[in-house]
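K.L.:
Hey, dropping run19.cif in here, mmCIF, C-alpha atoms:
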```cif
data_work
loop_
_atom_site.group_PDB
_atom_site.id
_atom_site.type_symbol
_atom_site.label_atom_id
_atom_site.label_comp_id
_atom_site.auth_asym_id
_atom_site.auth_seq_id
_atom_site.Cartn_x
_atom_site.Cartn_y
_atom_site.Cartn_z
ATOM 1 C CA MET A 1 9.821 -4.947 -15.498
ATOM 2 C CA SER A 2 6.543 -3.706 -14.052
ATOM 3 C CA GLU A 3 6.234 -1.011 -11.430
ATOM 4 C CA ARG A 4 5.039 -3.628 -8.921
ATOM 5 C CA ASP A 5 8.120 -5.757 -9.585
ATOM 6 C CA ASN A 6 10.336 -2.696 -9.109
ATOM 7 C CA TRP A 7 8.705 -2.006 -5.731
ATOM 8 C CA LEU A 8 9.200 -5.642 -4.714
ATOM 9 C CA ASN A 9 12.903 -5.412 -5.646
ATOM 10 C CA MET A 10 13.592 -2.139 -3.799
ATOM 11 C CA THR A 11 15.654 -2.044 -0.650
ATOM 12 C CA PRO A 12 13.738 -1.093 2.505
ATOM 13 C CA ASP A 13 15.243 2.414 2.416
ATOM 14 C CA GLU A 14 14.253 2.934 -1.226
ATOM 15 C CA LEU A 15 10.712 1.770 -0.520
ATOM 16 C CA LEU A 16 10.456 3.985 2.562
ATOM 17 C CA ARG A 17 11.275 7.009 0.378
ATOM 18 C CA GLU A 18 8.147 6.149 -1.661
ATOM 19 C CA CYS A 19 5.971 6.264 1.468
ATOM 20 C CA ASP A 20 4.549 8.741 3.938
ATOM 21 C CA GLN A 21 5.496 7.674 7.462
ATOM 22 C CA GLU A 22 3.583 8.335 10.663
ATOM 23 C CA PHE A 23 4.637 7.398 14.165
ATOM 24 C CA ARG A 24 2.497 7.019 17.263
ATOM 25 C CA LYS A 25 2.548 5.429 20.660
ATOM 26 C CA ALA A 26 1.798 1.731 20.491
ATOM 27 C CA ARG A 27 -0.793 -0.049 22.575
ATOM 28 C CA GLY A 28 -0.686 -3.331 24.377
ATOM 29 C CA HIS A 29 2.196 -5.375 25.722
ATOM 30 C CA GLY A 30 5.740 -4.136 25.878
ATOM 31 C CA GLY A 31 5.935 -2.440 29.218
ATOM 32 C CA GLN A 32 6.295 1.225 29.900
ATOM 33 C CA LYS A 33 8.485 1.907 26.860
ATOM 34 C CA VAL A 34 5.549 1.212 24.515
ATOM 35 C CA ASN A 35 3.440 3.787 26.285
ATOM 36 C CA LYS A 36 6.152 6.490 26.314
ATOM 37 C CA THR A 37 7.733 6.399 22.846
ATOM 38 C CA SER A 38 6.295 6.720 19.371
ATOM 39 C CA CYS A 39 7.447 3.318 18.190
ATOM 40 C CA ALA A 40 4.375 2.238 16.172
ATOM 41 C CA VAL A 41 4.730 2.874 12.439
ATOM 42 C CA ARG A 42 2.146 3.555 9.753
ATOM 43 C CA LEU A 43 3.291 3.610 6.129
ATOM 44 C CA THR A 44 1.209 4.920 3.243
ATOM 45 C CA HIS A 45 2.571 4.135 -0.199
ATOM 46 C CA ARG A 46 1.956 7.288 -2.220
ATOM 47 C CA ALA A 47 1.616 5.621 -5.641
ATOM 48 C CA THR A 48 -0.920 2.944 -4.612
ATOM 49 C CA GLY A 49 -2.488 4.356 -1.470
ATOM 50 C CA PHE A 50 -1.780 1.087 0.354
ATOM 51 C CA THR A 51 -1.481 1.606 4.114
ATOM 52 C CA VAL A 52 0.108 -0.754 6.611
ATOM 53 C CA THR A 53 0.903 -0.511 10.298
ATOM 54 C CA ALA A 54 3.335 -2.289 12.577
ATOM 55 C CA ASP A 55 3.536 -2.038 16.348
ATOM 56 C CA ALA A 56 4.672 -5.475 17.521
ATOM 57 C CA SER A 57 8.107 -4.305 18.628
ATOM 58 C CA ARG A 58 9.238 -1.675 21.104
ATOM 59 C CA SER A 59 11.715 -0.520 18.470
ATOM 60 C CA GLN A 60 10.611 2.003 15.849
ATOM 61 C CA HIS A 61 13.304 0.687 13.490
ATOM 62 C CA GLU A 62 12.067 -2.904 13.759
ATOM 63 C CA ASN A 63 8.458 -1.801 13.313
ATOM 64 C CA ARG A 64 9.475 0.146 10.202
ATOM 65 C CA LEU A 65 11.035 -3.024 8.737
ATOM 66 C CA HIS A 66 7.934 -5.066 9.637
ATOM 67 C CA ALA A 67 5.743 -2.470 7.926
ATOM 68 C CA VAL A 68 7.899 -2.605 4.765
ATOM 69 C CA THR A 69 7.502 -6.398 4.713
ATOM 70 C CA LYS A 70 3.727 -6.054 5.066
ATOM 71 C CA LEU A 71 3.660 -3.498 2.265
ATOM 72 C CA ARG A 72 5.634 -5.798 -0.050
ATOM 73 C CA ARG A 73 3.238 -8.635 0.753
ATOM 74 C CA GLN A 74 0.319 -6.380 -0.165
ATOM 75 C CA PHE A 75 1.975 -5.501 -3.497
ATOM 76 C CA ALA A 76 2.552 -9.175 -4.321
ATOM 77 C CA TYR A 77 -0.876 -10.400 -3.282
ATOM 78 C CA GLU A 78 -3.070 -7.556 -4.529
ATOM 79 C CA LEU A 79 -1.426 -5.998 -7.601
ATOM 80 C CA ARG A 80 -1.752 -8.001 -10.808
ATOM 81 C CA VAL A 81 0.340 -7.379 -13.913
ATOM 82 C CA GLU A 82 -0.846 -8.285 -17.407
ATOM 83 C CA ILE A 83 1.130 -11.009 -19.101
ATOM 84 C CA PRO A 84 1.570 -10.855 -22.869
ATOM 85 C CA GLU A 85 -0.258 -13.703 -24.586
ATOM 86 C CA GLY A 86 1.959 -16.673 -25.348
ATOM 87 C CA THR A 87 4.424 -15.924 -22.552
ATOM 88 C CA GLN A 88 5.559 -19.000 -20.665
ATOM 89 C CA TYR A 89 7.154 -19.078 -17.235
ATOM 90 C CA GLU A 90 8.818 -21.919 -15.480
ATOM 91 C CA LEU A 91 7.461 -22.913 -12.077
ATOM 92 C CA LEU A 92 10.706 -23.104 -10.180
ATOM 93 C CA PRO A 93 10.964 -24.753 -6.784
ATOM 94 C CA GLU A 94 9.254 -22.496 -4.299
ATOM 95 C CA PRO A 95 11.725 -20.083 -2.704
ATOM 96 C CA SER A 96 12.114 -20.351 1.044
ATOM 97 C CA VAL A 97 10.239 -17.982 3.317
ATOM 98 C CA ARG A 98 13.435 -16.018 4.006
ATOM 99 C CA ASN A 99 14.352 -15.701 0.327
ATOM 100 C CA PRO A 100 13.965 -12.066 -0.796
ATOM 101 C CA VAL A 101 12.537 -13.118 -4.185
ATOM 102 C CA ARG A 102 9.717 -15.130 -2.628
ATOM 103 C CA LEU A 103 7.119 -12.367 -2.894
ATOM 104 C CA LEU A 104 8.118 -11.578 -6.483
ATOM 105 C CA TRP A 105 7.826 -15.288 -7.293
ATOM 106 C CA SER A 106 4.402 -15.440 -5.600
ATOM 107 C CA ALA A 107 3.247 -12.366 -7.534
ATOM 108 C CA HIS A 108 4.234 -13.974 -10.845
ATOM 109 C CA VAL A 109 2.388 -17.207 -10.004
ATOM 110 C CA LEU A 110 -0.716 -15.161 -9.145
ATOM 111 C CA ASP A 111 -0.360 -13.170 -12.400
ATOM 112 C CA VAL A 112 -0.396 -16.417 -14.395
ATOM 113 C CA LEU A 113 -3.406 -17.687 -12.450
ATOM 114 C CA ALA A 114 -5.256 -14.412 -13.074
ATOM 115 C CA VAL A 115 -4.582 -14.628 -16.821
ATOM 116 C CA SER A 116 -5.850 -18.219 -16.707
ATOM 117 C CA GLY A 117 -9.152 -17.261 -15.099
ATOM 118 C CA TRP A 118 -7.973 -18.670 -11.748
ATOM 119 C CA GLU A 119 -8.019 -22.179 -13.231
ATOM 120 C CA PRO A 120 -4.902 -24.111 -12.178
ATOM 121 C CA LYS A 121 -5.475 -26.542 -15.070
ATOM 122 C CA SER A 122 -5.076 -23.643 -17.506
ATOM 123 C CA ALA A 123 -2.238 -21.991 -15.585
ATOM 124 C CA ALA A 124 -0.058 -25.094 -15.259
ATOM 125 C CA PRO A 125 1.038 -25.203 -18.938
ATOM 126 C CA LEU A 126 1.956 -21.492 -18.805
ATOM 127 C CA LEU A 127 4.164 -22.288 -15.820
ATOM 128 C CA LYS A 128 5.654 -25.362 -17.542
ATOM 129 C CA ALA A 129 4.359 -27.468 -14.657
ATOM 130 C CA SER A 130 1.926 -30.265 -14.079
ATOM 131 C CA VAL A 131 -1.388 -29.474 -12.417
ATOM 132 C CA SER A 132 -0.343 -31.547 -9.402
ATOM 133 C CA ALA A 133 2.970 -29.634 -9.067
ATOM 134 C CA LEU A 134 1.116 -26.311 -9.227
ATOM 135 C CA THR A 135 -1.451 -27.555 -6.706
ATOM 136 C CA ARG A 136 1.318 -28.671 -4.314
ATOM 137 C CA THR A 137 2.990 -25.280 -4.683
ATOM 138 C CA LEU A 138 -0.223 -23.386 -3.998
ATOM 139 C CA HIS A 139 -1.205 -25.653 -1.131
ATOM 140 C CA GLY A 140 2.241 -25.161 0.424
ATOM 141 C CA ASP A 141 1.597 -21.435 0.766
ATOM 142 C CA PRO A 142 -1.656 -20.755 2.661
ATOM 143 C CA ALA A 143 -1.805 -17.138 1.438
ATOM 144 C CA LEU A 144 -1.643 -18.200 -2.232
ATOM 145 C CA TRP A 145 -4.233 -20.925 -1.639
ATOM 146 C CA GLN A 146 -6.611 -18.432 0.005
ATOM 147 C CA ILE A 147 -6.152 -15.884 -2.784
ATOM 148 C CA LEU A 148 -6.831 -18.551 -5.434
ATOM 149 C CA ASN A 149 -10.052 -19.653 -3.753
ATOM 150 C CA ARG A 150 -11.181 -16.096 -2.957
ATOM 151 C CA GLU A 151 -10.785 -15.111 -6.619
ATOM 152 C CA ARG A 152 -12.509 -18.308 -7.773
ATOM 153 C CA GLN A 153 -15.425 -17.544 -5.440
ATOM 154 C CA LEU A 154 -15.713 -14.009 -6.878
ATOM 155 C CA LEU A 155 -16.023 -15.593 -10.334
ATOM 156 C CA GLY A 156 -18.706 -18.016 -9.114
ATOM 157 C CA LEU A 157 -16.362 -21.029 -9.285
ATOM 158 C CA HIS A 158 -16.135 -23.669 -6.587
ATOM 159 C CA PRO A 159 -13.055 -23.744 -4.338
ATOM 160 C CA TRP A 160 -10.045 -25.528 -5.796
ATOM 161 C CA LYS A 161 -9.385 -28.750 -3.916
ATOM 162 C CA GLY A 162 -6.601 -29.982 -6.128
ATOM 163 C CA ASN A 163 -8.363 -33.066 -7.405
ATOM 164 C CA ASP A 164 -10.766 -31.363 -9.799
#
```
Can I see the file as structure tokens?

P.N.:
Amino acid sequence: MSERDNWLNMTPDELLRECDQEFRKARGHGGQKVNKTSCAVRLTHRATGFTVTADASRSQHENRLHAVTKLRRQFAYELRVEIPEGTQYELLPEPSVRNPVRLLWSAHVLDVLAVSGWEPKSAAPLLKASVSALTRTLHGDPALWQILNRERQLLGLHPWKGND
């Protein structure tokens, strides 16, 4: 298992031990409590240097959990892991938004796309899926769709519309 996958599988407390934490007074809505307590959280993951902040809640504990979720999302969407040639994965039904393995699943789909040069037609066989099933999966998750098309644009490819 890769280091990224380990980070995605850690409990919030385990992941927090891998981070430097800073607290400050939040700005904006939330009444007087926001302006009097250091409830806003900034996490810096020491191994990657990724930094996230959360200040939506008046609770430091809730903001810490929101920041951990943002950090996991950043791991899944930005860190790619090399896949040994010939490896095949099965595109399982997309986990629900509340499923804890969703980000790990998303990271693996993006890894396969990266190995395939961001070409869904090439990635589909590696995922044991049809191109239309992969397209539906990607289209169902706006973040994955945006990442696919951003990476395609960086390679000089046209945006994937699903009917190419």

K.L.:
Any chance you could tabulate, as CSV, the residues of segment 73-161 of chain A at most 12 Å from segment 37-52 of chain A with each one's nearest atom pair and distance in Å to one decimal, using all atoms listed in the file, in chain and rising number order?

P.N.:
```
residue,atom,partner,partner_atom,distance
A:Arg73,CA,A:Val52,CA,10.3
A:Gln74,CA,A:Phe50,CA,7.8
A:Phe75,CA,A:Phe50,CA,8.5
A:Glu78,CA,A:Phe50,CA,10.0
A:Leu79,CA,A:Thr48,CA,9.4
```

K.L.:
So the first atom is atom CA of Lys70 of chain A and the second is atom CA of Ala143 of chain A; what is the distance between them in Å, to one decimal place?

P.N.:
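Answer for the atom CA of Lys70 of chain A to atom CA of Ala143 of chain A separation: 12.9 Å.
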
K.L.:
As an MDAnalysis selection string, please: the residues near segment 3-5 of chain A (cut-off 9 Å, all atoms listed in the file, same-chain neighbours under 2 positions excluded).

P.N.:
chainID A and resid 1 7:10 75:76 79:81 104 107

K.L.:
Given the PyMOL selection byres ((chain A and resi 132-142) around 8) and the file above, list the residues it selects as a PyMOL selection string.

P.N.:
chain A and resi 91+94+120+124+129-131+143-146+162

K.L.:
Pick from A:Pro12, A:Glu22, A:Thr87, A:Glu82: nearest to His66 of chain A, with all atoms listed in the file counted?

P.N.:
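Ranking A:Pro12, A:Glu22, A:Thr87, A:Glu82 by distance to His66 of chain A, first place goes to A:Pro12.
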
K.L.:
Applying the PyMOL selection byres ((chain A and resi 90) around 8) to the file I just gave you, which residues come out? Please list them as a list in words.

P.N.:
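Taken over the shown coordinates, the PyMOL selection byres ((chain A and resi 90) around 8) returns Gln88, Tyr89, Leu91, Leu92, Leu126, Leu127, Lys128 and Ala129 of chain A.
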
K.L.:
Would you list the contacts of Pro159 of chain A as a PyMOL selection string, taking every protein, DNA or RNA residue within 12 Å and counting only C-alpha atoms, but skipping same-chain residues closer than 3 positions in sequence?

P.N.:
chain A and resi 118-120+145-156+162-164

K.L.:
Would you work out the distance separating atom CA of Ile83 of chain A from atom CA of Asp111 of chain A, expressed in Å to one decimal?

P.N.:
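Answer for the atom CA of Ile83 of chain A to atom CA of Asp111 of chain A separation: 7.2 Å.
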
K.L.:
If you measure from atom CA of Thr11 of chain A to atom CA of Phe23 of chain A, what distance in Å do you get, rounded to one decimal?

P.N.:
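Separating atom CA of Thr11 of chain A from atom CA of Phe23 of chain A is a distance of 20.7 Å.
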
K.L.:
Considering only C-alpha atoms, state which residue in the set A:Ser106, A:Lys25, A:Gly117, A:Arg98 is at the smallest distance from Asn63 of chain A.

P.N.:
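Once distances to Asn63 of chain A are computed over only C-alpha atoms, the minimum belongs to A:Lys25.
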